[in-house]
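Shown next: my_file.cif, given as mmCIF, N, CA and C atoms.
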data_work
#
loop_
_atom_site.group_PDB
_atom_site.id
_atom_site.type_symbol
_atom_site.label_atom_id
_atom_site.label_comp_id
_atom_site.auth_asym_id
_atom_site.auth_seq_id
_atom_site.Cartn_x
_atom_site.Cartn_y
_atom_site.Cartn_z
ATOM 1 N N MET R 1 2.615 121.530 -32.307
ATOM 2 C CA MET R 1 2.221 122.168 -31.071
ATOM 3 C C MET R 1 1.168 121.300 -30.382
ATOM 4 N N ARG R 2 1.371 121.027 -29.124
ATOM 5 C CA ARG R 2 0.472 120.203 -28.340
ATOM 6 C C ARG R 2 -0.773 120.993 -27.946
ATOM 7 N N ASN R 3 -1.928 120.369 -28.034
ATOM 8 C CA ASN R 3 -3.173 121.015 -27.628
ATOM 9 C C ASN R 3 -3.221 121.060 -26.107
ATOM 10 N N GLN R 4 -3.242 122.262 -25.527
ATOM 11 C CA GLN R 4 -3.204 122.418 -24.079
ATOM 12 C C GLN R 4 -4.576 122.695 -23.484
ATOM 13 N N ARG R 5 -5.613 122.632 -24.286
ATOM 14 C CA ARG R 5 -6.959 122.937 -23.817
ATOM 15 C C ARG R 5 -7.437 121.837 -22.883
ATOM 16 N N THR R 6 -7.972 122.219 -21.724
ATOM 17 C CA THR R 6 -8.455 121.225 -20.764
ATOM 18 C C THR R 6 -9.973 121.226 -20.651
ATOM 19 N N HIS R 7 -10.651 122.192 -21.252
ATOM 20 C CA HIS R 7 -12.115 122.268 -21.248
ATOM 21 C C HIS R 7 -12.612 122.192 -22.682
ATOM 22 N N PRO R 8 -13.812 121.658 -22.896
ATOM 23 C CA PRO R 8 -14.328 121.565 -24.261
ATOM 24 C C PRO R 8 -14.533 122.941 -24.887
ATOM 25 N N ARG R 9 -14.240 123.015 -26.168
ATOM 26 C CA ARG R 9 -14.414 124.252 -26.924
ATOM 27 C C ARG R 9 -15.861 124.315 -27.424
ATOM 28 N N HIS R 10 -16.460 125.512 -27.362
ATOM 29 C CA HIS R 10 -17.823 125.714 -27.829
ATOM 30 C C HIS R 10 -17.788 126.650 -29.034
ATOM 31 N N MET R 11 -18.218 126.125 -30.169
ATOM 32 C CA MET R 11 -18.313 126.935 -31.373
ATOM 33 C C MET R 11 -19.576 127.788 -31.260
ATOM 34 N N LEU R 12 -19.507 129.011 -31.741
ATOM 35 C CA LEU R 12 -20.646 129.920 -31.640
ATOM 36 C C LEU R 12 -21.396 130.006 -32.959
ATOM 37 N N ASN R 13 -22.710 130.164 -32.875
ATOM 38 C CA ASN R 13 -23.529 130.369 -34.064
ATOM 39 C C ASN R 13 -23.521 131.827 -34.496
ATOM 40 N N VAL R 14 -23.167 132.708 -33.575
ATOM 41 C CA VAL R 14 -23.045 134.139 -33.868
ATOM 42 C C VAL R 14 -21.660 134.573 -33.431
ATOM 43 N N TYR R 15 -21.104 135.525 -34.139
ATOM 44 C CA TYR R 15 -19.795 136.049 -33.782
ATOM 45 C C TYR R 15 -19.974 137.259 -32.876
ATOM 46 N N LEU R 16 -19.618 137.103 -31.624
ATOM 47 C CA LEU R 16 -19.770 138.176 -30.654
ATOM 48 C C LEU R 16 -18.658 139.207 -30.833
ATOM 49 N N GLU R 17 -19.047 140.473 -30.797
ATOM 50 C CA GLU R 17 -18.111 141.575 -30.972
ATOM 51 C C GLU R 17 -17.242 141.741 -29.728
ATOM 52 N N VAL R 18 -15.931 141.938 -29.949
ATOM 53 C CA VAL R 18 -14.982 142.175 -28.862
ATOM 54 C C VAL R 18 -14.353 143.545 -29.070
ATOM 55 N N ARG R 19 -14.348 144.366 -28.010
ATOM 56 C CA ARG R 19 -13.764 145.707 -28.062
ATOM 57 C C ARG R 19 -12.744 145.856 -26.941
ATOM 58 N N ASP R 20 -11.790 146.734 -27.161
ATOM 59 C CA ASP R 20 -10.814 147.083 -26.134
ATOM 60 C C ASP R 20 -11.515 147.979 -25.121
ATOM 61 N N ALA R 21 -11.556 147.583 -23.853
ATOM 62 C CA ALA R 21 -12.283 148.338 -22.829
ATOM 63 C C ALA R 21 -11.647 149.691 -22.547
ATOM 64 N N GLU R 22 -10.357 149.824 -22.822
ATOM 65 C CA GLU R 22 -9.662 151.074 -22.532
ATOM 66 C C GLU R 22 -9.797 152.097 -23.651
ATOM 67 N N THR R 23 -9.761 151.627 -24.903
ATOM 68 C CA THR R 23 -9.798 152.555 -26.037
ATOM 69 C C THR R 23 -11.127 152.569 -26.767
ATOM 70 N N GLY R 24 -11.918 151.507 -26.601
ATOM 71 C CA GLY R 24 -13.165 151.374 -27.346
ATOM 72 C C GLY R 24 -12.969 150.847 -28.751
ATOM 73 N N ASP R 25 -11.710 150.573 -29.136
ATOM 74 C CA ASP R 25 -11.417 150.077 -30.481
ATOM 75 C C ASP R 25 -11.924 148.654 -30.671
ATOM 76 N N ASP R 26 -12.308 148.360 -31.901
ATOM 77 C CA ASP R 26 -12.731 147.019 -32.271
ATOM 78 C C ASP R 26 -11.521 146.095 -32.224
ATOM 79 N N VAL R 27 -11.657 144.954 -31.551
ATOM 80 C CA VAL R 27 -10.590 143.952 -31.507
ATOM 81 C C VAL R 27 -10.892 142.849 -32.505
ATOM 82 N N GLY R 28 -12.128 142.377 -32.539
ATOM 83 C CA GLY R 28 -12.490 141.305 -33.455
ATOM 84 C C GLY R 28 -13.795 140.654 -33.050
ATOM 85 N N ARG R 29 -13.930 139.379 -33.440
ATOM 86 C CA ARG R 29 -15.139 138.610 -33.160
ATOM 87 C C ARG R 29 -14.754 137.267 -32.555
ATOM 88 N N VAL R 30 -15.511 136.832 -31.535
ATOM 89 C CA VAL R 30 -15.278 135.534 -30.905
ATOM 90 C C VAL R 30 -15.728 134.440 -31.868
ATOM 91 N N VAL R 31 -14.855 133.463 -32.082
ATOM 92 C CA VAL R 31 -15.180 132.321 -32.938
ATOM 93 C C VAL R 31 -15.581 131.129 -32.089
ATOM 94 N N ASP R 32 -14.782 130.836 -31.068
ATOM 95 C CA ASP R 32 -15.122 129.769 -30.129
ATOM 96 C C ASP R 32 -14.548 130.115 -28.768
ATOM 97 N N LEU R 33 -15.096 129.442 -27.737
ATOM 98 C CA LEU R 33 -14.625 129.750 -26.398
ATOM 99 C C LEU R 33 -14.790 128.577 -25.457
ATOM 100 N N THR R 34 -14.042 128.649 -24.365
ATOM 101 C CA THR R 34 -14.163 127.729 -23.244
ATOM 102 C C THR R 34 -14.231 128.603 -21.997
ATOM 103 N N THR R 35 -14.309 127.989 -20.837
ATOM 104 C CA THR R 35 -14.267 128.779 -19.611
ATOM 105 C C THR R 35 -12.856 129.274 -19.324
ATOM 106 N N GLU R 36 -11.878 128.805 -20.087
ATOM 107 C CA GLU R 36 -10.490 129.230 -19.904
ATOM 108 C C GLU R 36 -10.047 130.308 -20.885
ATOM 109 N N GLY R 37 -10.715 130.391 -22.039
ATOM 110 C CA GLY R 37 -10.268 131.350 -23.034
ATOM 111 C C GLY R 37 -11.126 131.340 -24.275
ATOM 112 N N MET R 38 -10.635 132.052 -25.313
ATOM 113 C CA MET R 38 -11.402 132.158 -26.557
ATOM 114 C C MET R 38 -10.469 132.364 -27.740
ATOM 115 N N ARG R 39 -10.997 132.009 -28.910
ATOM 116 C CA ARG R 39 -10.312 132.311 -30.167
ATOM 117 C C ARG R 39 -11.071 133.450 -30.819
ATOM 118 N N VAL R 40 -10.325 134.445 -31.257
ATOM 119 C CA VAL R 40 -10.901 135.641 -31.858
ATOM 120 C C VAL R 40 -10.314 135.816 -33.252
ATOM 121 N N VAL R 41 -11.156 136.138 -34.234
ATOM 122 C CA VAL R 41 -10.646 136.558 -35.532
ATOM 123 C C VAL R 41 -10.644 138.075 -35.532
ATOM 124 N N CYS R 42 -9.575 138.645 -36.075
ATOM 125 C CA CYS R 42 -9.430 140.093 -35.985
ATOM 126 C C CYS R 42 -8.643 140.643 -37.169
ATOM 127 N N ASN R 43 -8.772 141.940 -37.375
ATOM 128 C CA ASN R 43 -7.919 142.622 -38.337
ATOM 129 C C ASN R 43 -7.073 143.664 -37.606
ATOM 130 N N THR R 44 -6.994 143.504 -36.287
ATOM 131 C CA THR R 44 -6.186 144.329 -35.407
ATOM 132 C C THR R 44 -5.016 143.482 -34.923
ATOM 133 N N GLU R 45 -3.847 144.066 -34.814
ATOM 134 C CA GLU R 45 -2.696 143.318 -34.315
ATOM 135 C C GLU R 45 -2.759 143.200 -32.797
ATOM 136 N N LEU R 46 -2.597 141.978 -32.303
ATOM 137 C CA LEU R 46 -2.533 141.733 -30.864
ATOM 138 C C LEU R 46 -1.125 141.246 -30.532
ATOM 139 N N CYS R 47 -0.647 141.606 -29.358
ATOM 140 C CA CYS R 47 0.696 141.245 -28.921
ATOM 141 C C CYS R 47 0.643 140.029 -28.001
ATOM 142 N N VAL R 48 1.436 139.012 -28.332
ATOM 143 C CA VAL R 48 1.500 137.803 -27.512
ATOM 144 C C VAL R 48 2.054 138.159 -26.137
ATOM 145 N N ASP R 49 1.476 137.563 -25.121
ATOM 146 C CA ASP R 49 1.823 137.740 -23.703
ATOM 147 C C ASP R 49 1.349 139.069 -23.117
ATOM 148 N N ARG R 50 0.630 139.855 -23.872
ATOM 149 C CA ARG R 50 0.090 141.105 -23.344
ATOM 150 C C ARG R 50 -1.303 140.859 -22.772
ATOM 151 N N GLU R 51 -1.610 141.511 -21.647
ATOM 152 C CA GLU R 51 -2.946 141.429 -21.057
ATOM 153 C C GLU R 51 -3.831 142.506 -21.675
ATOM 154 N N TYR R 52 -5.038 142.115 -22.032
ATOM 155 C CA TYR R 52 -6.010 143.030 -22.614
ATOM 156 C C TYR R 52 -7.230 143.096 -21.710
ATOM 157 N N HIS R 53 -7.812 144.283 -21.622
ATOM 158 C CA HIS R 53 -9.064 144.493 -20.912
ATOM 159 C C HIS R 53 -10.136 144.613 -21.997
ATOM 160 N N LEU R 54 -11.043 143.661 -22.029
ATOM 161 C CA LEU R 54 -11.962 143.527 -23.149
ATOM 162 C C LEU R 54 -13.415 143.676 -22.741
ATOM 163 N N LEU R 55 -14.209 144.110 -23.703
ATOM 164 C CA LEU R 55 -15.660 144.133 -23.580
ATOM 165 C C LEU R 55 -16.210 143.231 -24.666
ATOM 166 N N ILE R 56 -17.060 142.297 -24.275
ATOM 167 C CA ILE R 56 -17.704 141.420 -25.243
ATOM 168 C C ILE R 56 -19.173 141.781 -25.263
ATOM 169 N N ASN R 57 -19.653 142.176 -26.429
ATOM 170 C CA ASN R 57 -21.058 142.539 -26.587
ATOM 171 C C ASN R 57 -21.862 141.285 -26.872
ATOM 172 N N VAL R 58 -22.675 140.903 -25.906
ATOM 173 C CA VAL R 58 -23.547 139.742 -26.051
ATOM 174 C C VAL R 58 -24.908 140.280 -26.476
ATOM 175 N N ASP R 59 -25.171 140.176 -27.750
ATOM 176 C CA ASP R 59 -26.418 140.693 -28.319
ATOM 177 C C ASP R 59 -26.990 139.611 -29.220
ATOM 178 N N ILE R 60 -27.685 138.664 -28.601
ATOM 179 C CA ILE R 60 -28.195 137.524 -29.369
ATOM 180 C C ILE R 60 -29.714 137.466 -29.351
ATOM 181 N N GLY R 61 -30.336 138.591 -29.164
ATOM 182 C CA GLY R 61 -31.788 138.646 -29.178
ATOM 183 C C GLY R 61 -32.282 139.760 -28.281
ATOM 184 N N PRO R 62 -33.557 140.098 -28.389
ATOM 185 C CA PRO R 62 -34.097 141.223 -27.640
ATOM 186 C C PRO R 62 -33.978 141.068 -26.122
ATOM 187 N N GLU R 63 -33.937 139.841 -25.636
ATOM 188 C CA GLU R 63 -33.849 139.636 -24.192
ATOM 189 C C GLU R 63 -32.464 139.165 -23.762
ATOM 190 N N ALA R 64 -31.517 139.199 -24.665
ATOM 191 C CA ALA R 64 -30.162 138.725 -24.356
ATOM 192 C C ALA R 64 -29.141 139.751 -24.826
ATOM 193 N N ARG R 65 -29.189 140.941 -24.225
ATOM 194 C CA ARG R 65 -28.221 141.987 -24.538
ATOM 195 C C ARG R 65 -27.445 142.313 -23.265
ATOM 196 N N GLU R 66 -26.143 142.174 -23.361
ATOM 197 C CA GLU R 66 -25.306 142.395 -22.201
ATOM 198 C C GLU R 66 -23.897 142.706 -22.678
ATOM 199 N N GLN R 67 -23.123 143.361 -21.838
ATOM 200 C CA GLN R 67 -21.732 143.625 -22.153
ATOM 201 C C GLN R 67 -20.891 143.057 -21.013
ATOM 202 N N LEU R 68 -20.023 142.099 -21.350
ATOM 203 C CA LEU R 68 -19.155 141.479 -20.359
ATOM 204 C C LEU R 68 -17.784 142.125 -20.402
ATOM 205 N N ARG R 69 -17.241 142.451 -19.257
ATOM 206 C CA ARG R 69 -15.879 142.961 -19.179
ATOM 207 C C ARG R 69 -15.002 141.819 -18.682
ATOM 208 N N LEU R 70 -13.965 141.493 -19.474
ATOM 209 C CA LEU R 70 -13.067 140.392 -19.151
ATOM 210 C C LEU R 70 -11.623 140.825 -19.339
ATOM 211 N N ASP R 71 -10.746 140.267 -18.540
ATOM 212 C CA ASP R 71 -9.317 140.455 -18.736
ATOM 213 C C ASP R 71 -8.777 139.174 -19.338
ATOM 214 N N ALA R 72 -7.949 139.304 -20.372
ATOM 215 C CA ALA R 72 -7.414 138.130 -21.055
ATOM 216 C C ALA R 72 -6.008 138.418 -21.541
ATOM 217 N N VAL R 73 -5.205 137.359 -21.613
ATOM 218 C CA VAL R 73 -3.839 137.457 -22.117
ATOM 219 C C VAL R 73 -3.775 136.768 -23.476
ATOM 220 N N CYS R 74 -3.161 137.439 -24.441
ATOM 221 C CA CYS R 74 -2.991 136.854 -25.766
ATOM 222 C C CYS R 74 -1.903 135.790 -25.686
ATOM 223 N N ARG R 75 -2.237 134.559 -26.033
ATOM 224 C CA ARG R 75 -1.287 133.439 -25.976
ATOM 225 C C ARG R 75 -0.662 133.135 -27.326
ATOM 226 N N TRP R 76 -1.397 133.398 -28.403
ATOM 227 C CA TRP R 76 -0.843 133.222 -29.745
ATOM 228 C C TRP R 76 -1.568 134.134 -30.709
ATOM 229 N N TYR R 77 -0.918 134.420 -31.831
ATOM 230 C CA TYR R 77 -1.455 135.320 -32.855
ATOM 231 C C TYR R 77 -0.878 134.865 -34.181
ATOM 232 N N ARG R 78 -1.746 134.531 -35.153
ATOM 233 C CA ARG R 78 -1.267 134.020 -36.442
ATOM 234 C C ARG R 78 -2.335 134.225 -37.513
ATOM 235 N N PRO R 79 -1.967 134.016 -38.774
ATOM 236 C CA PRO R 79 -2.958 134.163 -39.848
ATOM 237 C C PRO R 79 -4.119 133.191 -39.669
ATOM 238 N N ASP R 80 -5.315 133.682 -39.963
ATOM 239 C CA ASP R 80 -6.519 132.866 -39.911
ATOM 240 C C ASP R 80 -6.631 132.082 -41.211
ATOM 241 N N THR R 81 -7.582 131.156 -41.283
ATOM 242 C CA THR R 81 -7.824 130.443 -42.537
ATOM 243 C C THR R 81 -8.315 131.399 -43.622
ATOM 244 N N ASN R 82 -8.995 132.470 -43.217
ATOM 245 C CA ASN R 82 -9.378 133.543 -44.141
ATOM 246 C C ASN R 82 -8.156 134.452 -44.291
ATOM 247 N N PRO R 83 -7.578 134.561 -45.481
ATOM 248 C CA PRO R 83 -6.339 135.325 -45.646
ATOM 249 C C PRO R 83 -6.460 136.818 -45.339
ATOM 250 N N GLU R 84 -7.670 137.322 -45.204
ATOM 251 C CA GLU R 84 -7.862 138.741 -44.891
ATOM 252 C C GLU R 84 -7.865 139.018 -43.395
ATOM 253 N N LEU R 85 -7.835 137.952 -42.577
ATOM 254 C CA LEU R 85 -7.944 138.112 -41.125
ATOM 255 C C LEU R 85 -6.793 137.428 -40.403
ATOM 256 N N MET R 86 -6.635 137.804 -39.154
ATOM 257 C CA MET R 86 -5.707 137.139 -38.251
ATOM 258 C C MET R 86 -6.545 136.460 -37.166
ATOM 259 N N ALA R 87 -5.952 135.517 -36.471
ATOM 260 C CA ALA R 87 -6.623 134.832 -35.372
ATOM 261 C C ALA R 87 -5.743 134.931 -34.135
ATOM 262 N N ALA R 88 -6.376 134.986 -32.979
ATOM 263 C CA ALA R 88 -5.645 135.075 -31.717
ATOM 264 C C ALA R 88 -6.301 134.171 -30.691
ATOM 265 N N GLY R 89 -5.475 133.556 -29.873
ATOM 266 C CA GLY R 89 -5.952 132.772 -28.745
ATOM 267 C C GLY R 89 -5.715 133.557 -27.472
ATOM 268 N N LEU R 90 -6.762 133.772 -26.713
ATOM 269 C CA LEU R 90 -6.670 134.547 -25.475
ATOM 270 C C LEU R 90 -7.110 133.694 -24.301
ATOM 271 N N SER R 91 -6.369 133.755 -23.202
ATOM 272 C CA SER R 91 -6.780 133.037 -21.997
ATOM 273 C C SER R 91 -7.304 134.048 -20.991
ATOM 274 N N PHE R 92 -8.410 133.681 -20.348
ATOM 275 C CA PHE R 92 -9.050 134.578 -19.392
ATOM 276 C C PHE R 92 -8.263 134.619 -18.085
ATOM 277 N N GLU R 93 -8.259 135.781 -17.480
ATOM 278 C CA GLU R 93 -7.646 135.984 -16.179
ATOM 279 C C GLU R 93 -8.770 136.134 -15.158
ATOM 280 N N SER R 94 -8.798 135.296 -14.166
ATOM 281 C CA SER R 94 -9.710 135.348 -13.022
ATOM 282 C C SER R 94 -11.159 135.718 -13.354
ATOM 283 N N LEU R 95 -11.871 134.774 -13.968
ATOM 284 C CA LEU R 95 -13.295 134.965 -14.230
ATOM 285 C C LEU R 95 -14.106 134.833 -12.945
ATOM 286 N N ARG R 96 -15.135 135.646 -12.830
ATOM 287 C CA ARG R 96 -16.085 135.498 -11.741
ATOM 288 C C ARG R 96 -17.108 134.433 -12.155
ATOM 289 N N PRO R 97 -17.776 133.797 -11.204
ATOM 290 C CA PRO R 97 -18.716 132.728 -11.536
ATOM 291 C C PRO R 97 -19.760 133.122 -12.588
ATOM 292 N N ARG R 98 -20.289 134.307 -12.510
ATOM 293 C CA ARG R 98 -21.310 134.736 -13.479
ATOM 294 C C ARG R 98 -20.719 134.840 -14.892
ATOM 295 N N GLN R 99 -19.447 135.234 -14.984
ATOM 296 C CA GLN R 99 -18.805 135.351 -16.283
ATOM 297 C C GLN R 99 -18.593 133.969 -16.903
ATOM 298 N N GLU R 100 -18.295 132.977 -16.067
ATOM 299 C CA GLU R 100 -18.126 131.625 -16.587
ATOM 300 C C GLU R 100 -19.409 131.153 -17.225
#
As a first step, turn the structure in this file into structure tokens.
Amino acid sequence: MRNQRTHPRHMLNVYLEVRDAETGDDVGRVVDLTTEGMRVVCNTELCVDREYHLLINVDIGPEAREQLRLDAVCRWYRPDTNPELMAAGLSFESLRPRQE
């Protein structure tokens, strides 16, 4: 499979929580991201080509607490390197400048 990423990937020091904005269910944790998308590890099944409305809890300190609402499409879903988890690649749909 050819790497289609056009922006550098940023690995995170903390795993940000991702929730389904419609149901409130836990989706997983962000592992890395670009301005185009993110990789999430999850124990929830995601459907390829489906659009998800997500909330990302940014809680990295007392002065850095925020909840971002993003729309993303699942591009791939497969077993993670950790056999207890799955991994998914999601591409963002129409980010606003502040979200980038």
Gap from atom N of Gly28 in chain R to atom C of Glu93 in chain R - Å, one decimal:
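Those two atoms sit 18.8 Å apart.
Between atom N of Asn43 in chain R and atom C of Ala87 in chain R there is a distance of 8.3 Å.
Applied to the file shown here, the PyMOL selection byres (((chain R and resi 25 and name CA) around 12) and name CA) selects Glu17, Val18, Arg19, Asp20, Ala21, Glu22, Thr23, Gly24, Asp26, Val27, Gly28, Cys42, Asn43, Thr44, Glu45, Tyr52, His53, Leu54, Leu55 and Ile56 of chain R.
Selection by the PyMOL selection byres (((chain R and resi 48 and name CA) around 12) and name CA) on the present file picks out Glu45, Leu46, Cys47, Asp49, Arg50, Glu51, Tyr52, Ala72, Val73, Cys74, Arg75, Trp76, Tyr77, Arg78, Ala87, Ala88, Gly89, Leu90 and Ser91 of chain R.
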Using CA of Tyr15 in chain R and atom N of Leu95 in chain R as the two end points, give the distance in Å to one decimal.
21.4 Å
Return as a PyMOL selection string the full set of residues in range 19-96 of chain R whose backbone-based DSSP assignment is strand (DSSP E or B).
chain R and resi 19-20+26-33+37-42+51-59+65-79+86-93
Neighbouring residues of Asn57 in chain R were defined as those with any atom within 8 Å, considering only C-alpha atoms; residues of the same chain fewer than 6 positions away were excluded. Please report them as an MDAnalysis selection string.
chainID R and resid 16:18 65:68
What are the centre and edge lengths in Å, to one decimal, of the axis-aligned box around all listed atoms of range 43-50 of chain R with 5 Å added on each side, as AutoDock Vina command-line options?
--center_x -3.4 --center_y 140.9 --center_z -30.6 --size_x 20.8 --size_y 16.8 --size_z 25.6
Taking all atoms listed in the file into account, which of R:Met86, R:Arg69, R:Pro79, R:Val58 comes nearest Val41 in chain R?
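So, comparing all the options, the nearest one is R:Met86.
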Which residues match the PyMOL selection byres (((chain R and resi 31 and name CA) around 8) and name CA) in the file above, as a short mmCIF file (atom, residue, chain, number, x, y, z; two decimals) with N, CA and C atoms, in the frame of the given file?
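Once written, out17.cif looks like this:
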data_model
loop_
_atom_site.label_atom_id
_atom_site.label_comp_id
_atom_site.auth_asym_id
_atom_site.auth_seq_id
_atom_site.Cartn_x
_atom_site.Cartn_y
_atom_site.Cartn_z
N MET R 11 -18.22 126.12 -30.17
CA MET R 11 -18.31 126.94 -31.37
C MET R 11 -19.58 127.79 -31.26
N LEU R 12 -19.51 129.01 -31.74
CA LEU R 12 -20.65 129.92 -31.64
C LEU R 12 -21.40 130.01 -32.96
N TYR R 15 -21.10 135.52 -34.14
CA TYR R 15 -19.80 136.05 -33.78
C TYR R 15 -19.97 137.26 -32.88
N LEU R 16 -19.62 137.10 -31.62
CA LEU R 16 -19.77 138.18 -30.65
C LEU R 16 -18.66 139.21 -30.83
N ARG R 29 -13.93 139.38 -33.44
CA ARG R 29 -15.14 138.61 -33.16
C ARG R 29 -14.75 137.27 -32.56
N VAL R 30 -15.51 136.83 -31.54
CA VAL R 30 -15.28 135.53 -30.90
C VAL R 30 -15.73 134.44 -31.87
N ASP R 32 -14.78 130.84 -31.07
CA ASP R 32 -15.12 129.77 -30.13
C ASP R 32 -14.55 130.12 -28.77
N LEU R 33 -15.10 129.44 -27.74
CA LEU R 33 -14.62 129.75 -26.40
C LEU R 33 -14.79 128.58 -25.46
N MET R 38 -10.64 132.05 -25.31
CA MET R 38 -11.40 132.16 -26.56
C MET R 38 -10.47 132.36 -27.74
N ARG R 39 -11.00 132.01 -28.91
CA ARG R 39 -10.31 132.31 -30.17
C ARG R 39 -11.07 133.45 -30.82
N VAL R 40 -10.32 134.44 -31.26
CA VAL R 40 -10.90 135.64 -31.86
C VAL R 40 -10.31 135.82 -33.25
N VAL R 41 -11.16 136.14 -34.23
CA VAL R 41 -10.65 136.56 -35.53
C VAL R 41 -10.64 138.07 -35.53
#
Start from the incomplete input, build N, CA, C and O atoms for range 39-53 of chain R, and deliver everything as a PDB file, keeping the file's coordinate frame.
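Contents of the output file selection-v1.pdb:
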ATOM      1  N   ARG R  39     -10.997 132.009 -28.910  1.00  0.00           N
ATOM      2  CA  ARG R  39     -10.312 132.311 -30.167  1.00  0.00           C
ATOM      3  C   ARG R  39     -11.071 133.450 -30.819  1.00  0.00           C
ATOM      4  O   ARG R  39     -12.302 133.414 -30.921  1.00  0.00           O
ATOM      5  N   VAL R  40     -10.325 134.445 -31.257  1.00  0.00           N
ATOM      6  CA  VAL R  40     -10.901 135.641 -31.858  1.00  0.00           C
ATOM      7  C   VAL R  40     -10.314 135.816 -33.252  1.00  0.00           C
ATOM      8  O   VAL R  40      -9.107 135.637 -33.446  1.00  0.00           O
ATOM      9  N   VAL R  41     -11.156 136.138 -34.234  1.00  0.00           N
ATOM     10  CA  VAL R  41     -10.646 136.558 -35.532  1.00  0.00           C
ATOM     11  C   VAL R  41     -10.644 138.075 -35.532  1.00  0.00           C
ATOM     12  O   VAL R  41     -11.559 138.716 -35.004  1.00  0.00           O
ATOM     13  N   CYS R  42      -9.575 138.645 -36.075  1.00  0.00           N
ATOM     14  CA  CYS R  42      -9.430 140.093 -35.985  1.00  0.00           C
ATOM     15  C   CYS R  42      -8.643 140.643 -37.169  1.00  0.00           C
ATOM     16  O   CYS R  42      -7.955 139.906 -37.875  1.00  0.00           O
ATOM     17  N   ASN R  43      -8.772 141.940 -37.375  1.00  0.00           N
ATOM     18  CA  ASN R  43      -7.919 142.622 -38.337  1.00  0.00           C
ATOM     19  C   ASN R  43      -7.073 143.664 -37.606  1.00  0.00           C
ATOM     20  O   ASN R  43      -6.511 144.555 -38.198  1.00  0.00           O
ATOM     21  N   THR R  44      -6.994 143.504 -36.287  1.00  0.00           N
ATOM     22  CA  THR R  44      -6.186 144.329 -35.407  1.00  0.00           C
ATOM     23  C   THR R  44      -5.016 143.482 -34.923  1.00  0.00           C
ATOM     24  O   THR R  44      -5.193 142.310 -34.623  1.00  0.00           O
ATOM     25  N   GLU R  45      -3.847 144.066 -34.814  1.00  0.00           N
ATOM     26  CA  GLU R  45      -2.696 143.318 -34.315  1.00  0.00           C
ATOM     27  C   GLU R  45      -2.759 143.200 -32.797  1.00  0.00           C
ATOM     28  O   GLU R  45      -2.979 144.185 -32.091  1.00  0.00           O
ATOM     29  N   LEU R  46      -2.597 141.978 -32.303  1.00  0.00           N
ATOM     30  CA  LEU R  46      -2.533 141.733 -30.864  1.00  0.00           C
ATOM     31  C   LEU R  46      -1.125 141.246 -30.532  1.00  0.00           C
ATOM     32  O   LEU R  46      -0.502 140.546 -31.317  1.00  0.00           O
ATOM     33  N   CYS R  47      -0.647 141.606 -29.358  1.00  0.00           N
ATOM     34  CA  CYS R  47       0.696 141.245 -28.921  1.00  0.00           C
ATOM     35  C   CYS R  47       0.643 140.029 -28.001  1.00  0.00           C
ATOM     36  O   CYS R  47      -0.093 140.034 -27.011  1.00  0.00           O
ATOM     37  N   VAL R  48       1.436 139.012 -28.332  1.00  0.00           N
ATOM     38  CA  VAL R  48       1.500 137.803 -27.512  1.00  0.00           C
ATOM     39  C   VAL R  48       2.054 138.159 -26.137  1.00  0.00           C
ATOM     40  O   VAL R  48       2.966 138.983 -26.017  1.00  0.00           O
ATOM     41  N   ASP R  49       1.476 137.563 -25.121  1.00  0.00           N
ATOM     42  CA  ASP R  49       1.823 137.740 -23.703  1.00  0.00           C
ATOM     43  C   ASP R  49       1.349 139.069 -23.117  1.00  0.00           C
ATOM     44  O   ASP R  49       1.626 139.357 -21.960  1.00  0.00           O
ATOM     45  N   ARG R  50       0.630 139.855 -23.872  1.00  0.00           N
ATOM     46  CA  ARG R  50       0.090 141.105 -23.344  1.00  0.00           C
ATOM     47  C   ARG R  50      -1.303 140.859 -22.772  1.00  0.00           C
ATOM     48  O   ARG R  50      -2.098 140.115 -23.345  1.00  0.00           O
ATOM     49  N   GLU R  51      -1.610 141.511 -21.647  1.00  0.00           N
ATOM     50  CA  GLU R  51      -2.946 141.429 -21.057  1.00  0.00           C
ATOM     51  C   GLU R  51      -3.831 142.506 -21.675  1.00  0.00           C
ATOM     52  O   GLU R  51      -3.404 143.653 -21.819  1.00  0.00           O
ATOM     53  N   TYR R  52      -5.038 142.115 -22.032  1.00  0.00           N
ATOM     54  CA  TYR R  52      -6.010 143.030 -22.614  1.00  0.00           C
ATOM     55  C   TYR R  52      -7.230 143.096 -21.710  1.00  0.00           C
ATOM     56  O   TYR R  52      -7.641 142.097 -21.124  1.00  0.00           O
ATOM     57  N   HIS R  53      -7.812 144.283 -21.622  1.00  0.00           N
ATOM     58  CA  HIS R  53      -9.064 144.493 -20.912  1.00  0.00           C
ATOM     59  C   HIS R  53     -10.136 144.613 -21.997  1.00  0.00           C
ATOM     60  O   HIS R  53     -10.092 145.548 -22.801  1.00  0.00           O
TER      61      HIS R  53
END
